[in-house]
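Structure file upload.txt; described as compact mmCIF, C-alpha atoms.
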# COMPACT_ATOMS: atom_id res chain seq x y z
CA MET A 2 -5.89 -4.33 -11.58
CA ASN A 3 -7.83 -2.51 -14.31
CA THR A 4 -8.49 0.36 -11.90
CA VAL A 5 -4.75 0.85 -11.44
CA TRP A 6 -4.07 1.03 -15.17
CA PHE A 7 -7.09 3.31 -15.73
CA SER A 8 -5.79 5.63 -13.03
CA LEU A 9 -2.40 5.69 -14.73
CA ARG A 10 -3.98 6.51 -18.09
CA ARG A 11 -6.08 9.22 -16.51
CA ARG A 12 -3.03 10.72 -14.85
CA LEU A 13 -1.08 10.71 -18.11
CA LEU A 14 -4.07 12.16 -19.90
CA GLY A 15 -4.40 14.95 -17.34
CA LEU A 16 -0.70 15.77 -17.37
CA LEU A 17 -0.41 15.83 -21.15
CA LEU A 18 -3.63 17.75 -21.77
CA GLY A 19 -2.85 20.11 -18.91
CA GLY A 20 0.59 20.79 -20.37
CA VAL A 21 -0.78 21.32 -23.87
CA ALA A 22 -3.59 23.56 -22.60
CA ALA A 23 -1.18 25.61 -20.48
CA ALA A 24 1.22 26.02 -23.40
CA TRP A 25 -1.67 26.95 -25.67
CA LEU A 26 -2.98 29.47 -23.14
CA VAL A 27 0.42 31.11 -22.76
CA THR A 28 0.75 31.25 -26.53
CA MET A 29 -2.72 32.79 -26.85
CA VAL A 30 -2.02 35.42 -24.19
CA PHE A 31 1.26 36.35 -25.84
CA SER A 32 -0.33 36.35 -29.31
CA TYR A 33 -3.27 38.45 -28.08
CA ALA A 34 -0.97 41.03 -26.49
CA ASP A 35 1.23 41.13 -29.58
CA ALA A 36 -1.77 41.38 -31.91
CA HIS A 37 -3.26 44.18 -29.80
CA HIS A 38 0.00 46.10 -29.99
CA GLU A 39 0.33 45.60 -33.73
CA VAL A 40 -3.30 46.60 -34.35
CA ASP A 41 -2.78 49.79 -32.34
CA GLU A 42 0.35 50.57 -34.30
CA LEU A 43 -1.40 49.91 -37.62
CA PHE A 44 -4.48 52.00 -36.86
CA ASP A 45 -2.39 54.83 -35.43
CA ALA A 46 -0.41 54.85 -38.66
CA GLN A 47 -3.67 54.94 -40.62
CA LEU A 48 -4.91 57.86 -38.53
CA ALA A 49 -1.70 59.78 -39.18
CA GLN A 50 -1.81 58.94 -42.88
CA ALA A 51 -5.46 59.99 -43.16
CA ALA A 52 -4.66 63.30 -41.43
CA GLN A 53 -1.78 64.00 -43.78
CA THR A 54 -3.93 63.18 -46.81
CA LEU A 55 -6.67 65.50 -45.62
CA LEU A 56 -4.14 68.28 -45.07
CA ALA A 57 -2.90 67.91 -48.65
CA LEU A 58 -6.45 68.06 -50.01
CA ALA A 59 -7.52 70.95 -47.81
CA ALA A 60 -4.58 73.10 -48.92
CA HIS A 61 -6.35 73.64 -52.27
CA ASP A 62 -9.76 74.42 -50.75
CA ARG A 63 -8.96 76.50 -47.70
CA ASP A 64 -11.17 79.38 -48.82
CA HIS A 65 -14.26 77.23 -49.52
CA ASP A 66 -17.21 77.00 -47.19
CA ILE A 67 -17.74 74.13 -44.81
CA GLU A 68 -18.46 70.83 -46.46
CA ASP A 69 -20.36 68.03 -44.77
CA PHE A 70 -19.59 64.53 -46.06
CA GLY A 71 -22.47 62.09 -46.13
CA ASP A 72 -22.93 58.87 -44.20
CA ALA A 73 -20.21 56.30 -44.67
CA ALA A 74 -21.13 53.12 -46.44
CA HIS A 75 -18.71 50.79 -44.65
CA LYS A 76 -19.29 49.78 -41.04
CA TYR A 77 -15.77 50.83 -40.05
CA GLN A 78 -16.24 54.17 -41.82
CA ARG A 79 -19.14 55.04 -39.53
CA ARG A 80 -16.76 54.88 -36.59
CA LEU A 81 -14.31 57.36 -38.10
CA ARG A 82 -14.61 61.16 -37.78
CA PHE A 83 -12.52 64.05 -39.04
CA GLN A 84 -12.42 67.85 -39.02
CA ILE A 85 -10.37 70.47 -40.88
CA TRP A 86 -9.92 73.80 -39.11
CA ARG A 87 -8.47 77.07 -40.30
CA HIS A 88 -6.03 78.94 -38.07
CA ASP A 89 -8.69 81.56 -37.29
CA GLY A 90 -10.95 78.82 -35.87
CA LYS A 91 -13.21 78.36 -38.88
CA LEU A 92 -14.34 74.80 -39.52
CA LEU A 93 -13.66 74.13 -43.22
CA MET A 94 -14.61 70.50 -43.54
CA ARG A 95 -15.93 67.62 -41.41
CA SER A 96 -17.41 64.17 -41.66
CA HIS A 97 -21.14 63.69 -41.21
CA ASN A 98 -20.76 62.13 -37.76
CA ALA A 99 -18.26 64.73 -36.50
CA PRO A 100 -19.49 67.54 -34.21
CA GLU A 101 -18.97 71.22 -34.98
CA GLN A 102 -16.75 71.64 -31.94
CA PRO A 103 -13.09 70.55 -32.03
CA LEU A 104 -12.62 66.86 -31.47
CA THR A 105 -9.58 67.42 -29.23
CA ASN A 106 -7.52 70.27 -27.87
CA GLU A 107 -4.24 68.35 -27.95
CA ASP A 108 -1.75 67.88 -30.74
CA GLY A 109 -0.64 64.40 -31.77
CA PHE A 110 -2.28 61.28 -30.37
CA SER A 111 -4.75 61.38 -27.48
CA GLU A 112 -7.72 59.44 -26.13
CA THR A 113 -10.98 60.10 -24.34
CA ARG A 114 -13.56 57.94 -22.64
CA GLY A 115 -17.06 59.31 -22.25
CA PHE A 116 -20.74 58.69 -22.75
CA ASP A 117 -20.18 58.44 -26.52
CA GLY A 118 -17.55 55.74 -26.14
CA HIS A 119 -13.81 55.28 -26.29
CA TRP A 120 -12.12 57.39 -29.00
CA ARG A 121 -8.58 57.68 -30.28
CA TYR A 122 -7.54 61.09 -31.74
CA PHE A 123 -4.78 62.44 -33.95
CA SER A 124 -4.37 66.18 -34.49
CA GLN A 125 -1.83 67.79 -36.87
CA TRP A 126 -1.09 71.28 -38.27
CA ASN A 127 0.38 71.98 -41.68
CA SER A 128 3.84 73.49 -41.92
CA GLU A 129 2.48 77.09 -42.04
CA ARG A 130 0.14 76.33 -39.10
CA SER A 131 -2.71 77.66 -41.20
CA LEU A 132 -4.69 74.43 -41.32
CA GLN A 133 -5.32 71.79 -38.70
CA VAL A 134 -6.68 68.31 -39.27
CA GLN A 135 -8.24 66.29 -36.46
CA VAL A 136 -9.03 62.63 -37.03
CA SER A 137 -10.71 60.34 -34.51
CA GLU A 138 -11.51 56.68 -34.49
CA ASN A 139 -13.79 54.67 -32.24
CA HIS A 140 -11.68 52.22 -30.26
CA HIS A 141 -14.30 49.53 -30.78
CA ILE A 142 -12.87 49.02 -34.24
CA ARG A 143 -9.61 47.90 -32.73
CA ASP A 144 -11.29 45.91 -29.98
CA ASP A 145 -13.47 44.07 -32.49
CA LEU A 146 -10.49 43.22 -34.65
CA VAL A 147 -8.39 42.00 -31.70
CA ALA A 148 -11.37 39.97 -30.39
CA HIS A 149 -11.75 38.43 -33.83
CA ILE A 150 -8.07 37.47 -33.82
CA ALA A 151 -8.39 36.02 -30.28
CA TRP A 152 -11.40 33.97 -31.30
CA ARG A 153 -9.50 32.62 -34.28
CA LEU A 154 -6.73 31.61 -31.89
CA LEU A 155 -9.18 30.06 -29.42
CA LEU A 156 -11.21 28.14 -32.00
CA PRO A 157 -8.44 25.58 -32.83
CA ALA A 158 -7.94 24.96 -29.10
CA LEU A 159 -11.65 24.19 -28.58
CA PHE A 160 -11.56 21.58 -31.32
CA GLY A 161 -7.92 20.54 -30.98
CA LEU A 162 -7.79 19.73 -27.28
CA PRO A 163 -10.54 17.08 -27.42
CA MET A 164 -8.85 15.53 -30.46
CA ILE A 165 -5.48 15.54 -28.68
CA GLY A 166 -7.13 14.10 -25.57
CA LEU A 167 -8.67 11.25 -27.57
CA TRP A 168 -5.37 10.55 -29.29
CA VAL A 169 -3.45 10.56 -25.99
CA TRP A 170 -6.01 8.25 -24.39
CA LEU A 171 -5.80 5.78 -27.29
CA SER A 172 -2.00 6.01 -27.33
CA THR A 173 -1.62 5.40 -23.58
CA ARG A 174 -4.11 2.57 -23.73
CA HIS A 175 -2.11 0.93 -26.48
CA GLY A 176 1.20 1.69 -24.79
CA LEU A 177 0.10 0.25 -21.43
CA ALA A 178 -1.36 -2.90 -22.94
CA SER A 179 1.92 -4.72 -22.27
CA LEU A 180 1.51 -3.98 -18.54
CA GLY A 181 -1.87 -5.66 -18.66
CA GLY A 182 -0.22 -8.65 -20.34
CA VAL A 183 2.36 -8.90 -17.56
CA ALA A 184 -0.39 -8.61 -14.94
CA THR A 185 -2.33 -11.40 -16.66
CA GLN A 186 0.73 -13.65 -16.66
CA ILE A 187 1.31 -13.10 -12.95
CA ALA A 188 -2.36 -13.50 -12.01
CA SER A 189 -2.67 -16.80 -13.92
CA ARG A 190 0.32 -18.43 -12.26
CA ALA A 191 0.20 -21.01 -9.53
CA PRO A 192 2.26 -20.36 -6.37
CA HIS A 193 4.98 -22.82 -7.45
CA GLN A 194 5.41 -21.26 -10.91
CA LEU A 195 8.31 -18.85 -10.41
CA GLN A 196 9.91 -18.93 -13.84
CA ALA A 197 10.96 -15.62 -15.42
CA LEU A 198 8.35 -13.42 -17.08
CA GLU A 199 8.60 -13.37 -20.88
CA PRO A 200 6.07 -10.93 -22.34
CA VAL A 201 5.61 -10.96 -26.11
CA SER A 202 6.58 -7.29 -26.34
CA ALA A 203 7.91 -5.20 -23.49
CA PRO A 204 8.66 -1.48 -23.89
CA GLU A 205 12.03 -0.26 -22.70
CA GLU A 206 10.38 1.69 -19.86
CA ILE A 207 9.02 -1.43 -18.10
CA ARG A 208 12.05 -3.66 -18.65
CA PRO A 209 13.60 -2.61 -15.29
CA MET A 210 10.36 -3.63 -13.57
CA LEU A 211 10.37 -7.01 -15.36
CA LEU A 212 14.02 -7.58 -14.46
CA ALA A 213 13.26 -6.69 -10.83
CA LEU A 214 10.29 -9.10 -10.78
CA ASN A 215 12.34 -11.88 -12.36
CA GLY A 216 15.09 -11.26 -9.79
CA LEU A 217 12.48 -11.45 -7.03
CA PHE A 218 11.17 -14.74 -8.45
CA GLN A 219 14.70 -16.15 -8.45
CA ARG A 220 15.26 -15.12 -4.83
CA VAL A 221 11.90 -16.56 -3.77
CA GLU A 222 12.70 -19.79 -5.62
CA ALA A 223 16.09 -19.97 -3.90
CA ALA A 224 14.46 -19.32 -0.51
CA LEU A 225 11.83 -22.01 -1.12
CA GLU A 226 14.48 -24.46 -2.26
CA SER A 227 16.50 -23.68 0.86
CA GLU A 228 13.43 -24.27 3.01
CA ARG A 229 12.73 -27.56 1.24
CA ARG A 230 16.30 -28.72 1.81
CA PHE A 231 16.19 -27.57 5.42
CA THR A 232 12.92 -29.42 6.04
CA ALA A 233 14.22 -32.61 4.42
CA ASP A 234 17.53 -32.45 6.29
CA ALA A 235 15.81 -31.65 9.57
CA ALA A 236 13.42 -34.59 9.17
CA HIS A 237 16.36 -36.88 8.42
CA GLU A 238 18.45 -35.63 11.35
CA LEU A 239 15.58 -35.79 13.84
CA ARG A 240 14.60 -39.32 12.85
CA THR A 241 17.79 -40.90 14.23
CA PRO A 242 17.78 -39.34 17.75
CA LEU A 243 14.06 -39.91 18.12
CA ALA A 244 14.46 -43.58 17.21
CA ALA A 245 17.35 -43.87 19.69
CA LEU A 246 15.25 -42.23 22.42
CA GLN A 247 12.42 -44.66 21.76
CA ALA A 248 14.80 -47.63 21.95
CA GLN A 249 16.38 -46.37 25.18
CA LEU A 250 12.91 -45.87 26.68
CA GLN A 251 11.95 -49.44 25.83
CA VAL A 252 15.18 -50.72 27.40
CA ALA A 253 14.46 -48.73 30.57
CA MET A 254 10.94 -50.14 30.73
CA ARG A 255 12.22 -53.70 30.39
CA ALA A 256 15.12 -53.32 32.82
CA ARG A 257 15.57 -56.29 35.15
CA ASP A 258 17.01 -54.33 38.07
CA ASP A 259 17.51 -50.80 39.30
CA ASP A 260 21.10 -50.53 38.07
CA GLU A 261 20.16 -51.40 34.49
CA ARG A 262 17.19 -49.04 34.67
CA GLN A 263 19.38 -46.19 35.94
CA ARG A 264 21.89 -46.76 33.14
CA SER A 265 19.09 -46.72 30.56
CA LEU A 266 17.56 -43.59 32.06
CA GLY A 267 21.01 -41.92 32.02
CA GLN A 268 21.40 -42.75 28.34
CA LEU A 269 17.85 -41.51 27.75
CA GLN A 270 18.66 -38.21 29.50
CA SER A 271 21.83 -37.83 27.41
CA GLY A 272 19.85 -38.52 24.24
CA LEU A 273 17.22 -35.97 25.24
CA SER A 274 19.94 -33.38 25.81
CA ARG A 275 21.39 -34.02 22.35
CA ALA A 276 17.95 -33.88 20.76
CA SER A 277 17.18 -30.65 22.61
CA HIS A 278 20.49 -29.17 21.47
CA LEU A 279 19.72 -30.19 17.87
CA VAL A 280 16.26 -28.63 17.95
CA ASP A 281 17.63 -25.46 19.53
CA GLN A 282 20.24 -25.10 16.79
CA MET A 283 17.66 -25.79 14.09
CA LEU A 284 15.42 -23.06 15.50
CA GLN A 285 18.35 -20.65 15.61
CA LEU A 286 19.18 -21.38 11.97
CA ALA A 287 15.52 -21.03 10.96
CA ARG A 288 15.43 -17.59 12.58
CA LEU A 289 18.63 -16.56 10.83
CA ASP A 290 17.61 -17.61 7.33
CA PRO A 291 14.90 -15.00 6.67
CA GLU A 292 17.09 -12.16 7.96
CA SER A 293 18.32 -9.94 5.15
CA ALA A 294 19.70 -7.26 7.46
CA LEU A 295 20.77 -6.98 11.07
CA PRO A 296 17.90 -6.33 13.50
CA ASP A 297 18.66 -3.36 15.72
CA PRO A 298 22.44 -3.02 15.08
CA GLN A 299 24.29 -1.30 17.90
CA ALA A 300 27.72 -0.97 19.50
CA VAL A 301 28.81 -4.30 20.98
CA ASP A 302 31.97 -5.18 22.92
CA LEU A 303 33.07 -8.47 21.38
CA ALA A 304 35.64 -9.04 24.14
CA ALA A 305 33.02 -8.68 26.88
CA ILE A 306 30.64 -11.09 25.13
CA THR A 307 33.42 -13.66 24.71
CA GLU A 308 34.43 -13.38 28.36
CA ALA A 309 30.81 -13.89 29.46
CA VAL A 310 30.42 -16.97 27.24
CA CYS A 311 33.63 -18.47 28.59
CA ALA A 312 32.34 -17.98 32.14
CA GLU A 313 29.11 -19.82 31.25
CA ILE A 314 31.03 -22.80 29.84
CA GLY A 315 33.48 -22.75 32.75
CA PRO A 316 32.05 -25.85 34.52
CA ARG A 317 32.51 -27.97 31.40
CA ILE A 318 36.07 -26.69 31.03
CA LEU A 319 36.83 -27.70 34.62
CA GLU A 320 35.08 -31.05 34.16
CA LYS A 321 37.42 -31.93 31.26
CA ASN A 322 40.46 -30.44 33.02
CA LEU A 323 41.36 -28.34 29.96
CA ASP A 324 44.31 -25.99 29.76
CA PHE A 325 42.20 -22.95 29.01
CA ASP A 326 43.48 -19.45 28.25
CA PHE A 327 41.49 -16.32 27.39
CA SER A 328 43.13 -13.09 26.17
CA GLY A 329 40.82 -10.13 25.70
CA SER A 330 41.04 -7.60 28.48
CA THR A 331 40.90 -4.64 26.05
CA PRO A 332 37.40 -3.74 24.74
CA ALA A 333 36.83 -4.59 21.06
CA TRP A 334 33.87 -2.57 19.84
CA VAL A 335 31.99 -3.63 16.72
CA THR A 336 28.59 -2.81 15.20
CA GLY A 337 26.21 -5.73 15.34
CA GLN A 338 23.40 -7.58 17.03
CA SER A 339 24.48 -8.65 20.49
CA GLU A 340 22.22 -11.73 20.65
CA TRP A 341 23.53 -13.16 17.37
CA LEU A 342 27.15 -12.39 18.25
CA ARG A 343 26.68 -14.23 21.54
CA VAL A 344 25.35 -17.25 19.62
CA LEU A 345 28.36 -17.07 17.28
CA VAL A 346 30.88 -16.93 20.13
CA ARG A 347 29.11 -19.67 22.11
CA ASN A 348 29.06 -22.06 19.15
CA LEU A 349 32.77 -21.54 18.47
CA VAL A 350 33.78 -21.95 22.10
CA ASP A 351 31.35 -24.84 22.60
CA ASN A 352 32.79 -26.68 19.59
CA ALA A 353 36.33 -26.16 20.87
CA VAL A 354 35.49 -27.50 24.34
CA ARG A 355 33.31 -30.32 22.97
CA TYR A 356 35.87 -31.72 20.53
CA THR A 357 38.98 -31.21 22.68
CA PRO A 358 39.80 -34.34 24.69
CA SER A 359 40.34 -34.22 28.44
CA ASN A 360 43.55 -32.52 29.54
CA GLY A 361 43.71 -30.75 26.14
CA GLU A 362 44.25 -27.10 25.35
CA VAL A 363 41.87 -24.31 24.30
CA ARG A 364 43.16 -20.82 23.49
CA ILE A 365 40.78 -17.90 22.93
CA GLU A 366 41.95 -14.43 21.96
CA VAL A 367 40.09 -11.20 21.10
CA SER A 368 42.24 -8.50 19.49
CA GLU A 369 41.99 -5.41 17.32
CA ILE A 370 44.37 -5.07 14.35
CA ASN A 371 44.34 -2.43 11.60
CA GLY A 372 40.72 -1.41 12.12
CA PHE A 373 39.40 -4.98 12.43
CA CYS A 374 38.35 -6.95 15.51
CA GLN A 375 39.37 -10.57 15.51
CA LEU A 376 38.13 -13.50 17.59
CA SER A 377 40.41 -16.54 17.47
CA VAL A 378 39.38 -19.90 19.00
CA CYS A 379 42.13 -22.55 18.89
CA ASP A 380 41.84 -26.09 20.26
CA SER A 381 43.94 -29.27 20.37
CA GLY A 382 41.16 -31.56 19.17
CA PRO A 383 41.12 -33.81 16.11
CA GLY A 384 40.77 -30.84 13.77
CA ILE A 385 39.16 -30.74 10.33
CA PRO A 386 40.96 -31.89 7.17
CA PRO A 387 41.64 -28.96 4.79
CA GLU A 388 39.57 -30.53 2.01
CA GLU A 389 36.46 -30.63 4.24
CA ARG A 390 36.68 -27.17 5.86
CA GLU A 391 34.45 -25.61 3.22
CA GLN A 392 31.85 -28.37 3.50
CA VAL A 393 31.51 -28.23 7.29
CA LEU A 394 30.00 -24.74 6.92
CA ARG A 395 26.97 -26.33 5.24
CA ARG A 396 23.92 -27.49 7.15
CA PHE A 397 23.96 -30.95 8.73
CA HIS A 398 27.37 -31.78 7.32
CA ARG A 399 29.33 -33.94 9.75
CA LEU A 400 32.75 -35.47 9.50
CA ASN A 401 33.18 -39.20 9.25
CA GLN A 402 33.90 -39.41 12.96
CA THR A 403 30.90 -41.24 14.40
CA ASP A 404 32.34 -41.32 17.89
CA LEU A 405 32.10 -37.53 18.23
CA PRO A 406 28.83 -35.83 19.21
CA GLY A 407 27.28 -33.01 17.19
CA SER A 408 24.46 -32.06 14.83
CA GLY A 409 26.37 -30.49 11.97
CA LEU A 410 24.69 -27.11 12.45
CA GLY A 411 27.04 -25.18 14.77
CA LEU A 412 29.48 -23.93 12.13
CA ALA A 413 26.64 -23.33 9.65
CA ILE A 414 25.03 -21.00 12.21
CA VAL A 415 28.36 -19.24 12.83
CA SER A 416 28.91 -18.77 9.10
CA ARG A 417 25.42 -17.32 8.62
CA ILE A 418 25.81 -14.86 11.52
CA ALA A 419 29.20 -13.80 10.16
CA ASP A 420 27.64 -13.11 6.75
CA LEU A 421 24.84 -11.05 8.32
CA HIS A 422 27.44 -8.88 10.08
CA GLY A 423 29.59 -8.49 7.00
CA GLY A 424 32.37 -10.44 8.72
CA ARG A 425 34.48 -13.41 7.69
CA LEU A 426 34.94 -16.88 9.23
CA THR A 427 38.09 -18.84 8.40
CA LEU A 428 39.12 -22.33 9.50
CA SER A 429 42.79 -23.23 9.63
CA SER A 430 45.30 -25.41 11.46
CA PRO A 431 47.01 -24.07 14.61
CA ILE A 432 50.54 -22.77 14.29
CA LYS A 433 51.68 -25.37 16.80
CA GLY A 434 50.33 -28.87 17.25
CA SER A 435 47.14 -30.43 15.94
CA GLY A 436 43.55 -29.25 16.22
CA LEU A 437 41.56 -26.41 14.65
CA GLN A 438 41.74 -22.63 14.70
CA ALA A 439 38.51 -20.76 13.93
CA THR A 440 38.91 -17.02 13.30
CA PHE A 441 36.05 -14.53 13.08
CA THR A 442 37.01 -11.11 11.68
CA LEU A 443 34.74 -8.06 11.72
CA LYS A 444 35.36 -4.38 11.01
CA SER A 445 35.96 -2.36 14.15
CA ARG A 446 33.47 0.34 15.13
CA SER A 447 36.17 2.94 15.89
Serialized structure, structure tokens:
Amino acid sequence: MNTVWFSLRRRLLGLLLGGVAAAWLVTMVFSYADAHHEVDELFDAQLAQAAQTLLALAAHDRDHDIEDFGDAAHKYQRRLRFQIWRHDGKLLMRSHNAPEQPLTNEDGFSETRGFDGHWRYFSQWNSERSLQVQVSENHHIRDDLVAHIAWRLLLPALFGLPMIGLWVWLSTRHGLASLGGVATQIASRAPHQLQALEPVSAPEEIRPMLLALNGLFQRVEAALESERRFTADAAHELRTPLAALQAQLQVAMRARDDDERQRSLGQLQSGLSRASHLVDQMLQLARLDPESALPDPQAVDLAAITEAVCAEIGPRILEKNLDFDFSGSTPAWVTGQSEWLRVLVRNLVDNAVRYTPSNGEVRIEVSEINGFCQLSVCDSGPGIPPEEREQVLRRFHRLNQTDLPGSGLGLAIVSRIADLHGGRLTLSSPIKGSGLQATFTLKSRS
């Protein structure tokens, strides 16, 4: 856990210092270029001013002999040279370090690079073109000054960046301390402790993460509670058929003749079938519970699935001599999971056939209306009272009709599959007669 937070601090440190260093570098480059330009402008102005001053002085001494100025005392002075020429080519005046040949043959500003270095020149005539002044300056003066300015710009960065880095590291360490507190709370919890996280101080930036974690804890707690209820209900529901099977087995073992034994074995077989059906439905519901989305959704013809299910249950329909009618010759395409939709249709049709007495009626219709596919299963059985229709969708809820078989899971499975598909299951009374009408509605694919 500490490695994760250290990596986060290091990343923040790198990003912040990298950004500051890049901004500082851009500023230094811009400042260096601007300083270099300004220094050139300043020294060029000084060259021009020096030339004009020398012209004014030389106008009074144009007839004097050549004068050689001594060595300059200042270090910058030693890098400056000048000459004053008469129009007939006579050298009237020069600095000690200036040669006796003209410094440049061009008027105005010019430059040369040679064995004696890099020089900047300025040459100007007086108005009568009788005197010419040539002034030169070693470019190292400018380079030294610009380098000095650049160093002064670089020096704060060399000392400032480490100080900024230390401050950012301390700040991020302090700012991320609350994350460490949350991690400590989670690490110290037992598996059953799923109450909401309540850190002493939580920055605004991590509140969405805390809310998401608390929401996850609530969902996990709800899932665990659902599993606990399912386990308790399953244990309760399995206890009764298992006890009945054991009693029927004992009766068969103690039978006095073959007829009594056959009757006991028949009851035992019927009990085993009911227990098998109960376990099968419990397994189906257990597989449905963890699903948060449809596995492999695809185009499914709801009418074709319903027709196939009706064909499978056909022998039971004939056995009870039911007036059975199926309407669904037109394909009804929906998006879903074919296996789960088959389970949904089978449970609805199976309930209708199971609870309808012999010689009763079962009507099944698949239709498409206003962009929705609708499966309607209507029977003439005992029906479900309106006040209990919401409760029968819960697990293991059975009506107070002990003479009717069932596990109380069929409609719960149908309701769960409908929810997974984004559909709706409604229970109502038939338009005519008694019984129950179960309607499953799902958005059409077209």
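By only C-alpha atoms, and with residues fewer than 2 positions from A:Phe44 along its chain excluded, the set lying at most 10 Å from it is Glu39, Val40, Asp41, Glu42, Ala46, Gln47, Leu48, Ala49, Gln50, Arg121, Glu138, His140, Ile142 and Arg143 of chain A.
Taking only C-alpha atoms, the non-local environment of stretch 26-32 of chain A within 9 Å (same-chain residues fewer than 6 positions away omitted) comprises A:Ala151, A:Leu154, A:Leu155, A:Ala158.
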I need the residues from that last selection saved to file as a PDB file, in the coordinates of the input (with C-alpha atoms), if you can.
ATOM      1  CA  ALA A 151      -8.390  36.020 -30.280  1.00  0.00           C
ATOM      2  CA  LEU A 154      -6.730  31.610 -31.890  1.00  0.00           C
ATOM      3  CA  LEU A 155      -9.180  30.060 -29.420  1.00  0.00           C
ATOM      4  CA  ALA A 158      -7.940  24.960 -29.100  1.00  0.00           C
TER       5      ALA A 158
END
Interatomic distance (Å, one decimal) between atom CA of A:Gln270 and atom CA of A:Asp380: 27.7 Å
Excluding same-chain residues fewer than 3 positions from A:Leu349, what lies within 8 Å of it counting all atoms listed in the file, as a tab-separated table (two decimals) with C-alpha atoms, in the frame of the given file?
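Produced file result.tsv, reproduced below:
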chain	number	residue	atom	x	y	z
A	345	LEU	CA	28.36	-17.07	17.28
A	346	VAL	CA	30.88	-16.93	20.13
A	352	ASN	CA	32.79	-26.68	19.59
A	353	ALA	CA	36.33	-26.16	20.87
A	378	VAL	CA	39.38	-19.90	19.00
A	411	GLY	CA	27.04	-25.18	14.77
A	412	LEU	CA	29.48	-23.93	12.13
A	415	VAL	CA	28.36	-19.24	12.83
A	439	ALA	CA	38.51	-20.76	13.93
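For the pair atom CA of A:Asp260 and atom CA of A:Arg355, the interatomic distance is 28.0 Å.
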Atom pair atom CA of A:Glu369 / atom CA of A:Gln438: separation (Å): 17.4 Å
